[in-house]
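What follows is a short report on a single structure.
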Amino acid sequence: MDQLFEAAPVRPSHEVESADLATPLAARVRPSMLDDVIGQEELTGPDTPLRRAIEQDTLRSIVLWGPPGTGKTTLARVIAASTRSAFVELSAVTAGVKNVREEIEHARTRRTSARRGTVLFIDEIHRFNRAQQDALLPAVEDGSVTLIGATTENPSFEVNAPLLSRSLLYRLQPLGDAAVGQVIDRALVLPTGLPGVELETEARAVLIAAADGDARVALTGLEAAAEVADGPAVTATDVQTALGRPHLRYDKAGDAHYDQSSAFIKSLRGSDPDAAVYWLVRMLAEGEDPRFLARRMIIMASEDVGLADPTALTVASSAWQALESVGLPEARFALAHAALYLALAPKSNSIAVALANADRAVERLGNAEVPAHLRDAHYKGAQRLGHGAGYRYPHDDPSGWVGQRYAPDGLEHGDLYRPGSHGLEPELQAWYTREAAARAE
């Protein structure tokens, strides 16, 4: 497996920038030179296009895609240290459209007055909404800024296609155990790291296994273990105590997102409340966007519960509103509420079946004529054309229901909607059948 940090000679202390020890270890030991960075060697190895572009300062807009702790921010920092352009960083968590436009204006001024380019680094660019990404597009297109976007999620789904098409996409892979080991070893010898700490062999193995390919987790765990250790020697017990619980890997850019969300929906559909809540809580713990989970439950409420329990859609929609109103962690209660309700609700896919049948009917019937009595009769001259003639207004009937044809020719009652046999749907269908029979008589 490619490695993130190369074993490099420790530079003399006077060449190492001083670092505030209150700064997290991962930030203190982050490489600032390309030669100090290893790993992702298919991207940063000798004579690779990305390395040449960094060294020659000819980088064009790029998107770095990969799991946490694989070197996306490290590469951005290396570019910052090597480019002659101004380097500006925005976080998609805190920046809005106003901030983006302000930086673009600064970049254009810098370009015309000082003839200096701007590299704009946006961490977690997948968190930018469409309006924010659209605000970037003209500046990327005309070269006002060189964009570096970092994302843990599949850019094909999370980054606007026009923006992605104007950028080179580089995918970073999880680190192998040997690479994580070198990250740890490097942190133990750098003056800005933990040079006085002694990590026992077993502790090192536990830390590597817990990191599961994430360099940041390894360094955070190492620093925490050193703080709880009784003396300079760090034991396996110290590492386990510091970590508290296993590190859960959840690559939202890869299979984990799709596999676990599939398991979540299938647990709801299969009426297993325990499994449904487990997958919900696990995905939240691993960093899944709670809005994605809320949206999936809203869809499922109609697709898989439907008219068997019409209240399910209200419950799912209310969970979305609660999430928007109070956010996490409090909204976990509302999300779990909706998940348990949907799992326990009777199921019917009659809405999904009706939609599929309707799609086929639309294709089959083409430009079917609207029956004359249903046509708009409000404009001048419509009555002379026979529009609306014979239409019966349901509210004029004491029952609120009249028997008349609403479908175009070629579409008969029951062709599309076929009621399910669970929950409230049989009762709804029975009422409709009774009313229709009475009117027919």
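Simple scheme: letters A, B, ... for chains in structure tokens order, numbers from 1 for residues in each chain, numbers from 1 for ligands in the order shown.
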### Query
Leu342 (chain A): which residues within 8 Å, counting only C-alpha atoms, same-chain residues fewer than 3 positions away excluded, as a VMD selection string?
chain A and resid 268 to 269 271 297 301 305 312 338 to 339 345
Those same residues - all heavy atoms - I'd like them written as a PDB file, in the first residue's frame.
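As a result, again-v4.pdb now contains:
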```pdb
ATOM      1  N   LEU A 268     -35.698  -1.027   7.541  1.00  0.00           N
ATOM      2  CA  LEU A 268     -36.991  -0.354   7.685  1.00  0.00           C
ATOM      3  C   LEU A 268     -38.066  -1.102   6.903  1.00  0.00           C
ATOM      4  O   LEU A 268     -39.160  -1.377   7.417  1.00  0.00           O
ATOM      5  CB  LEU A 268     -36.893   1.088   7.182  1.00  0.00           C
ATOM      6  CG  LEU A 268     -35.994   2.052   7.952  1.00  0.00           C
ATOM      7  CD1 LEU A 268     -35.907   3.375   7.211  1.00  0.00           C
ATOM      8  CD2 LEU A 268     -36.536   2.277   9.361  1.00  0.00           C
ATOM      9  N   ARG A 269     -37.749  -1.431   5.655  1.00  0.00           N
ATOM     10  CA  ARG A 269     -38.719  -2.122   4.801  1.00  0.00           C
ATOM     11  C   ARG A 269     -39.063  -3.496   5.365  1.00  0.00           C
ATOM     12  O   ARG A 269     -40.200  -3.956   5.265  1.00  0.00           O
ATOM     13  CB  ARG A 269     -38.133  -2.259   3.395  1.00  0.00           C
ATOM     14  CG  ARG A 269     -39.078  -2.897   2.382  1.00  0.00           C
ATOM     15  CD  ARG A 269     -38.374  -3.063   1.048  1.00  0.00           C
ATOM     16  NE  ARG A 269     -38.011  -1.784   0.478  1.00  0.00           N
ATOM     17  CZ  ARG A 269     -36.828  -1.503  -0.059  1.00  0.00           C
ATOM     18  NH1 ARG A 269     -35.879  -2.422  -0.073  1.00  0.00           N
ATOM     19  NH2 ARG A 269     -36.591  -0.316  -0.562  1.00  0.00           N
ATOM     20  N   SER A 271     -39.182  -4.303   8.455  1.00  0.00           N
ATOM     21  CA  SER A 271     -39.841  -4.177   9.764  1.00  0.00           C
ATOM     22  C   SER A 271     -38.981  -4.721  10.904  1.00  0.00           C
ATOM     23  O   SER A 271     -39.465  -5.424  11.791  1.00  0.00           O
ATOM     24  CB  SER A 271     -41.211  -4.866   9.750  1.00  0.00           C
ATOM     25  OG  SER A 271     -42.045  -4.306   8.767  1.00  0.00           O
ATOM     26  N   MET A 297     -35.696   8.551   4.678  1.00  0.00           N
ATOM     27  CA  MET A 297     -36.889   8.115   5.412  1.00  0.00           C
ATOM     28  C   MET A 297     -38.156   8.755   4.842  1.00  0.00           C
ATOM     29  O   MET A 297     -39.217   8.119   4.817  1.00  0.00           O
ATOM     30  CB  MET A 297     -36.730   8.422   6.901  1.00  0.00           C
ATOM     31  CG  MET A 297     -35.750   7.484   7.590  1.00  0.00           C
ATOM     32  SD  MET A 297     -35.820   7.512   9.405  1.00  0.00           S
ATOM     33  CE  MET A 297     -35.029   9.074   9.740  1.00  0.00           C
ATOM     34  N   ALA A 301     -41.164   6.517   3.407  1.00  0.00           N
ATOM     35  CA  ALA A 301     -42.504   6.612   3.972  1.00  0.00           C
ATOM     36  C   ALA A 301     -43.587   6.484   2.911  1.00  0.00           C
ATOM     37  O   ALA A 301     -44.674   5.951   3.172  1.00  0.00           O
ATOM     38  CB  ALA A 301     -42.657   7.941   4.720  1.00  0.00           C
ATOM     39  N   VAL A 305     -44.186   2.336   2.786  1.00  0.00           N
ATOM     40  CA  VAL A 305     -45.298   2.313   3.750  1.00  0.00           C
ATOM     41  C   VAL A 305     -46.566   2.799   3.060  1.00  0.00           C
ATOM     42  O   VAL A 305     -47.593   2.131   3.062  1.00  0.00           O
ATOM     43  CB  VAL A 305     -44.983   3.171   4.990  1.00  0.00           C
ATOM     44  CG1 VAL A 305     -46.174   3.185   5.944  1.00  0.00           C
ATOM     45  CG2 VAL A 305     -43.753   2.637   5.706  1.00  0.00           C
ATOM     46  N   ALA A 312     -47.224   7.938   8.225  1.00  0.00           N
ATOM     47  CA  ALA A 312     -45.779   7.722   8.173  1.00  0.00           C
ATOM     48  C   ALA A 312     -45.064   8.876   7.475  1.00  0.00           C
ATOM     49  O   ALA A 312     -43.977   9.288   7.903  1.00  0.00           O
ATOM     50  CB  ALA A 312     -45.469   6.403   7.461  1.00  0.00           C
ATOM     51  N   ALA A 338     -38.607   8.550  13.958  1.00  0.00           N
ATOM     52  CA  ALA A 338     -39.099   8.251  12.614  1.00  0.00           C
ATOM     53  C   ALA A 338     -38.687   6.853  12.168  1.00  0.00           C
ATOM     54  O   ALA A 338     -39.489   6.116  11.568  1.00  0.00           O
ATOM     55  CB  ALA A 338     -38.577   9.293  11.627  1.00  0.00           C
ATOM     56  N   ALA A 339     -37.429   6.471  12.451  1.00  0.00           N
ATOM     57  CA  ALA A 339     -36.956   5.154  12.021  1.00  0.00           C
ATOM     58  C   ALA A 339     -37.760   4.037  12.680  1.00  0.00           C
ATOM     59  O   ALA A 339     -38.161   3.067  12.025  1.00  0.00           O
ATOM     60  CB  ALA A 339     -35.466   5.005  12.339  1.00  0.00           C
ATOM     61  N   ALA A 345     -44.393   0.264  11.120  1.00  0.00           N
ATOM     62  CA  ALA A 345     -45.608   0.544  10.346  1.00  0.00           C
ATOM     63  C   ALA A 345     -45.902  -0.596   9.370  1.00  0.00           C
ATOM     64  O   ALA A 345     -44.989  -1.266   8.878  1.00  0.00           O
ATOM     65  CB  ALA A 345     -45.439   1.852   9.571  1.00  0.00           C
TER      66      ALA A 345
END
```
### Residue list (strand (DSSP E), DSSP) for region 106-191 of chain A, as a count of residues only
16
### Query
Could you name the residues that touch region 99-115 of chain A at 7 Å or less, counting only C-alpha atoms, but leaving out those on the same chain fewer than 3 positions away, as a ChimeraX atom specification?
/A:95-96,118,135,139,144-145
Would you save the residues of that selection, restricted to N, CA and C atoms, as a PDB file, in the first residue's frame?
```
ATOM      1  N   ALA A  95     -17.953  29.092   5.686  1.00  0.00           N
ATOM      2  CA  ALA A  95     -18.001  30.123   4.646  1.00  0.00           C
ATOM      3  C   ALA A  95     -19.321  30.092   3.897  1.00  0.00           C
ATOM      4  N   GLY A  96     -19.797  31.273   3.512  1.00  0.00           N
ATOM      5  CA  GLY A  96     -21.015  31.388   2.718  1.00  0.00           C
ATOM      6  C   GLY A  96     -20.723  31.970   1.353  1.00  0.00           C
ATOM      7  N   THR A 118      -3.998  33.474  -7.450  1.00  0.00           N
ATOM      8  CA  THR A 118      -4.558  33.077  -6.149  1.00  0.00           C
ATOM      9  C   THR A 118      -4.918  31.606  -6.189  1.00  0.00           C
ATOM     10  N   ALA A 135     -21.098  30.036  -7.459  1.00  0.00           N
ATOM     11  CA  ALA A 135     -20.369  31.300  -7.308  1.00  0.00           C
ATOM     12  C   ALA A 135     -18.894  31.134  -7.650  1.00  0.00           C
ATOM     13  N   ALA A 139     -15.008  32.197 -11.698  1.00  0.00           N
ATOM     14  CA  ALA A 139     -13.622  32.497 -11.337  1.00  0.00           C
ATOM     15  C   ALA A 139     -12.685  31.356 -11.709  1.00  0.00           C
ATOM     16  N   SER A 144      -9.300  33.311 -12.593  1.00  0.00           N
ATOM     17  CA  SER A 144      -9.085  34.255 -11.501  1.00  0.00           C
ATOM     18  C   SER A 144      -8.557  33.551 -10.262  1.00  0.00           C
ATOM     19  N   VAL A 145      -8.992  32.307 -10.056  1.00  0.00           N
ATOM     20  CA  VAL A 145      -8.477  31.505  -8.948  1.00  0.00           C
ATOM     21  C   VAL A 145      -8.135  30.113  -9.456  1.00  0.00           C
TER      22      VAL A 145
END
```
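For the residues A:Gln40, A:Thr241, A:Ser32, A:Asn154, ranking by smallest atom-to-atom distance to Thr74 (chain A) using only C-alpha atoms places A:Ser32 first.
With only C-alpha atoms as the atoms that count, the residue of A:His337, A:His257, A:Arg282, A:Arg28 with the shortest distance to Pro67 (chain A) is A:His257.
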#### Entry: Residue nearest Leu50 (chain A) among A:Arg295, A:Arg418, A:Lys347, A:Arg171 (counting only C-alpha atoms)
A:Arg171
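CA of Thr146 (chain A) is positioned 29.2 Å from CA of Leu25 (chain A).
Interatomic distance, CA of Glu363 (chain A) to CA of Gly386 (chain A): 27.7 Å.
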### Task
Could you give me, as a VMD selection string, each residue of region 156-402 of chain A that DSSP assigns to helix (DSSP H, G or I) when run on this structure's backbone?
chain A and resid 156 to 158 161 to 165 177 to 189 201 to 211 215 to 228 236 to 243 255 to 269 273 to 285 290 to 308 311 to 326 332 to 344 350 to 365 372 to 374 383 to 385 394 to 396
Would you write out those residues with C-alpha atoms, as a compact mmCIF listing (two decimals), in the first residue's frame?
```txt
# COMPACT_ATOMS: atom_id res chain seq x y z
CA SER A 156 -19.68 13.01 -8.97
CA PHE A 157 -22.59 13.35 -6.54
CA GLU A 158 -21.49 16.28 -4.39
CA ALA A 161 -20.65 18.89 -12.92
CA PRO A 162 -19.50 22.17 -14.58
CA LEU A 163 -17.09 22.84 -11.70
CA LEU A 164 -15.82 19.26 -11.71
CA SER A 165 -15.30 19.30 -15.48
CA ASP A 177 -0.33 -0.25 8.16
CA ALA A 178 3.33 0.38 7.22
CA ALA A 179 2.50 3.96 6.28
CA VAL A 180 0.58 4.58 9.50
CA GLY A 181 3.55 3.17 11.39
CA GLN A 182 5.87 5.65 9.70
CA VAL A 183 3.50 8.49 10.55
CA ILE A 184 3.71 7.47 14.21
CA ASP A 185 7.49 7.01 14.15
CA ARG A 186 8.01 10.39 12.51
CA ALA A 187 5.88 12.12 15.17
CA LEU A 188 8.03 10.56 17.90
CA VAL A 189 11.29 12.04 16.57
CA THR A 201 5.81 -2.34 20.47
CA GLU A 202 2.40 -3.69 21.44
CA ALA A 203 1.05 -0.16 21.91
CA ARG A 204 2.28 0.76 18.44
CA ALA A 205 0.46 -2.25 16.95
CA VAL A 206 -2.77 -1.39 18.78
CA LEU A 207 -2.57 2.21 17.59
CA ILE A 208 -1.97 1.18 13.96
CA ALA A 209 -4.91 -1.22 14.03
CA ALA A 210 -7.20 1.38 15.61
CA ALA A 211 -6.25 4.01 13.03
CA ALA A 215 -3.17 9.14 9.87
CA ARG A 216 -5.05 11.76 11.85
CA VAL A 217 -6.64 9.14 14.08
CA ALA A 218 -3.21 7.61 14.69
CA LEU A 219 -1.66 10.93 15.70
CA THR A 220 -4.62 12.00 17.82
CA GLY A 221 -4.57 8.64 19.59
CA LEU A 222 -0.81 8.84 20.13
CA GLU A 223 -1.04 12.29 21.68
CA ALA A 224 -3.93 11.29 23.94
CA ALA A 225 -2.15 8.10 25.02
CA ALA A 226 0.98 10.09 25.92
CA GLU A 227 -1.14 12.34 28.12
CA VAL A 228 -2.68 9.45 30.10
CA ALA A 236 -1.10 -0.77 24.92
CA THR A 237 -3.43 -0.12 27.86
CA ASP A 238 -2.70 3.61 27.61
CA VAL A 239 -3.61 3.55 23.91
CA GLN A 240 -6.84 1.64 24.55
CA THR A 241 -7.78 4.01 27.37
CA ALA A 242 -7.07 7.06 25.21
CA LEU A 243 -9.05 5.81 22.23
CA ASP A 255 -18.87 1.29 -0.59
CA ALA A 256 -19.55 1.88 3.12
CA HIS A 257 -21.99 4.70 2.42
CA TYR A 258 -23.97 2.71 -0.13
CA ASP A 259 -23.84 -0.60 1.76
CA GLN A 260 -24.88 0.80 5.11
CA SER A 261 -27.59 3.08 3.74
CA SER A 262 -28.92 0.06 1.81
CA ALA A 263 -28.92 -1.98 5.02
CA PHE A 264 -30.76 0.86 6.79
CA ILE A 265 -33.55 1.10 4.21
CA LYS A 266 -33.91 -2.68 3.93
CA SER A 267 -34.18 -2.92 7.72
CA LEU A 268 -36.99 -0.35 7.68
CA ARG A 269 -38.72 -2.12 4.80
CA PRO A 273 -36.69 -1.84 14.44
CA ASP A 274 -33.48 -2.97 16.16
CA ALA A 275 -31.49 -3.23 12.94
CA ALA A 276 -32.95 0.06 11.67
CA VAL A 277 -31.85 2.01 14.76
CA TYR A 278 -28.45 0.30 14.76
CA TRP A 279 -27.65 1.34 11.17
CA LEU A 280 -29.04 4.83 11.82
CA VAL A 281 -26.89 5.42 14.90
CA ARG A 282 -23.81 3.82 13.34
CA MET A 283 -23.96 6.02 10.26
CA LEU A 284 -24.45 9.13 12.41
CA ALA A 285 -21.47 8.13 14.57
CA PRO A 290 -28.13 13.41 8.87
CA ARG A 291 -30.05 15.20 6.12
CA PHE A 292 -29.35 12.28 3.81
CA LEU A 293 -30.85 9.86 6.35
CA ALA A 294 -33.89 12.10 6.88
CA ARG A 295 -34.45 12.37 3.12
CA ARG A 296 -34.25 8.60 2.72
CA MET A 297 -36.89 8.11 5.41
CA ILE A 298 -39.22 10.62 3.74
CA ILE A 299 -38.90 8.72 0.47
CA MET A 300 -39.35 5.37 2.21
CA ALA A 301 -42.50 6.61 3.97
CA SER A 302 -44.28 6.82 0.61
CA GLU A 303 -42.39 4.16 -1.32
CA ASP A 304 -42.63 1.32 1.21
CA VAL A 305 -45.30 2.31 3.75
CA GLY A 306 -47.57 4.48 1.64
CA LEU A 307 -51.30 4.24 2.15
CA ALA A 308 -50.96 1.37 4.59
CA THR A 311 -49.24 9.14 8.88
CA ALA A 312 -45.78 7.72 8.17
CA LEU A 313 -45.02 10.51 5.70
CA THR A 314 -45.98 13.11 8.32
CA VAL A 315 -43.71 11.48 10.91
CA ALA A 316 -40.76 11.31 8.50
CA SER A 317 -41.27 14.90 7.34
CA SER A 318 -41.48 16.06 10.95
CA ALA A 319 -38.13 14.39 11.67
CA TRP A 320 -36.62 16.42 8.81
CA GLN A 321 -38.11 19.62 10.25
CA ALA A 322 -36.81 18.76 13.72
CA LEU A 323 -33.33 18.21 12.29
CA GLU A 324 -33.42 21.58 10.55
CA SER A 325 -34.73 23.30 13.70
CA VAL A 326 -32.54 21.88 16.48
CA ARG A 332 -31.13 12.09 16.98
CA PHE A 333 -34.29 11.54 19.00
CA ALA A 334 -36.50 12.69 16.12
CA LEU A 335 -34.55 10.60 13.60
CA ALA A 336 -34.79 7.51 15.82
CA HIS A 337 -38.51 8.27 16.35
CA ALA A 338 -39.10 8.25 12.61
CA ALA A 339 -36.96 5.15 12.02
CA LEU A 340 -38.79 3.13 14.68
CA TYR A 341 -42.19 4.31 13.42
CA LEU A 342 -41.37 3.37 9.83
CA ALA A 343 -39.98 -0.01 10.86
CA LEU A 344 -43.09 -0.83 12.89
CA SER A 350 -48.86 0.39 -4.07
CA ILE A 351 -47.71 3.99 -4.60
CA ALA A 352 -44.46 2.84 -6.22
CA VAL A 353 -46.39 0.33 -8.35
CA ALA A 354 -48.91 2.99 -9.38
CA LEU A 355 -46.13 5.37 -10.40
CA ALA A 356 -44.40 2.70 -12.48
CA ASN A 357 -47.69 1.79 -14.15
CA ALA A 358 -48.40 5.47 -14.80
CA ASP A 359 -45.00 5.91 -16.45
CA ARG A 360 -45.80 3.05 -18.81
CA ALA A 361 -49.30 4.40 -19.47
CA VAL A 362 -47.97 7.84 -20.37
CA GLU A 363 -45.54 6.27 -22.82
CA ARG A 364 -48.24 3.98 -24.25
CA LEU A 365 -51.03 6.56 -24.63
CA ALA A 372 -64.24 17.39 -23.39
CA HIS A 373 -66.14 17.74 -20.11
CA LEU A 374 -62.83 18.10 -18.21
CA GLN A 383 -68.19 26.92 -24.34
CA ARG A 384 -68.65 27.25 -28.11
CA LEU A 385 -65.97 24.57 -28.43
CA PRO A 394 -68.80 16.88 -7.02
CA HIS A 395 -69.64 19.40 -4.30
CA ASP A 396 -73.10 19.86 -5.77
```
### Task
Tell me which of A:Gly193, A:Pro346, A:Gly244, A:Gly69 sits closest to Asp214 (chain A), counting only C-alpha atoms.
A:Gly69
### Message
Give me, as a list of chain:residue names, all polymer residues having an atom no more than 12 Å from Ala53 (chain A), counting only C-alpha atoms and skipping those fewer than 5 positions away in the same chain.
### Response
A:Leu34, A:Leu43, A:Thr44, A:Pro46, A:Asp47, A:Thr48, A:Thr58, A:Leu59, A:Arg60, A:Ser61, A:Ile62, A:Val78, A:Ile79, A:Ser82, A:Thr83, A:Leu168
Restricted to C-alpha atoms, what would the selected residues look like written as a CSV table (one decimal), in the first residue's frame?
```
chain,number,residue,atom,x,y,z
A,34,LEU,CA,6.9,17.7,-0.9
A,43,LEU,CA,0.1,11.0,-7.2
A,44,THR,CA,3.3,12.4,-5.5
A,46,PRO,CA,8.9,11.2,-9.0
A,47,ASP,CA,7.8,12.6,-12.4
A,48,THR,CA,4.1,12.3,-11.7
A,58,THR,CA,1.8,25.4,-12.8
A,59,LEU,CA,-1.0,23.7,-10.9
A,60,ARG,CA,-4.5,24.0,-12.4
A,61,SER,CA,-7.7,23.6,-10.4
A,62,ILE,CA,-7.9,20.2,-8.7
A,78,VAL,CA,2.6,21.7,0.5
A,79,ILE,CA,1.2,23.6,-2.4
A,82,SER,CA,5.6,26.1,-2.7
A,83,THR,CA,3.5,28.4,-4.8
A,168,LEU,CA,-8.5,17.6,-12.4
```
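Using only C-alpha atoms, the smallest distance between any of A:Thr433, A:Leu137, A:Gly287, A:Arg405 and Pro68 (chain A) comes from A:Gly287.
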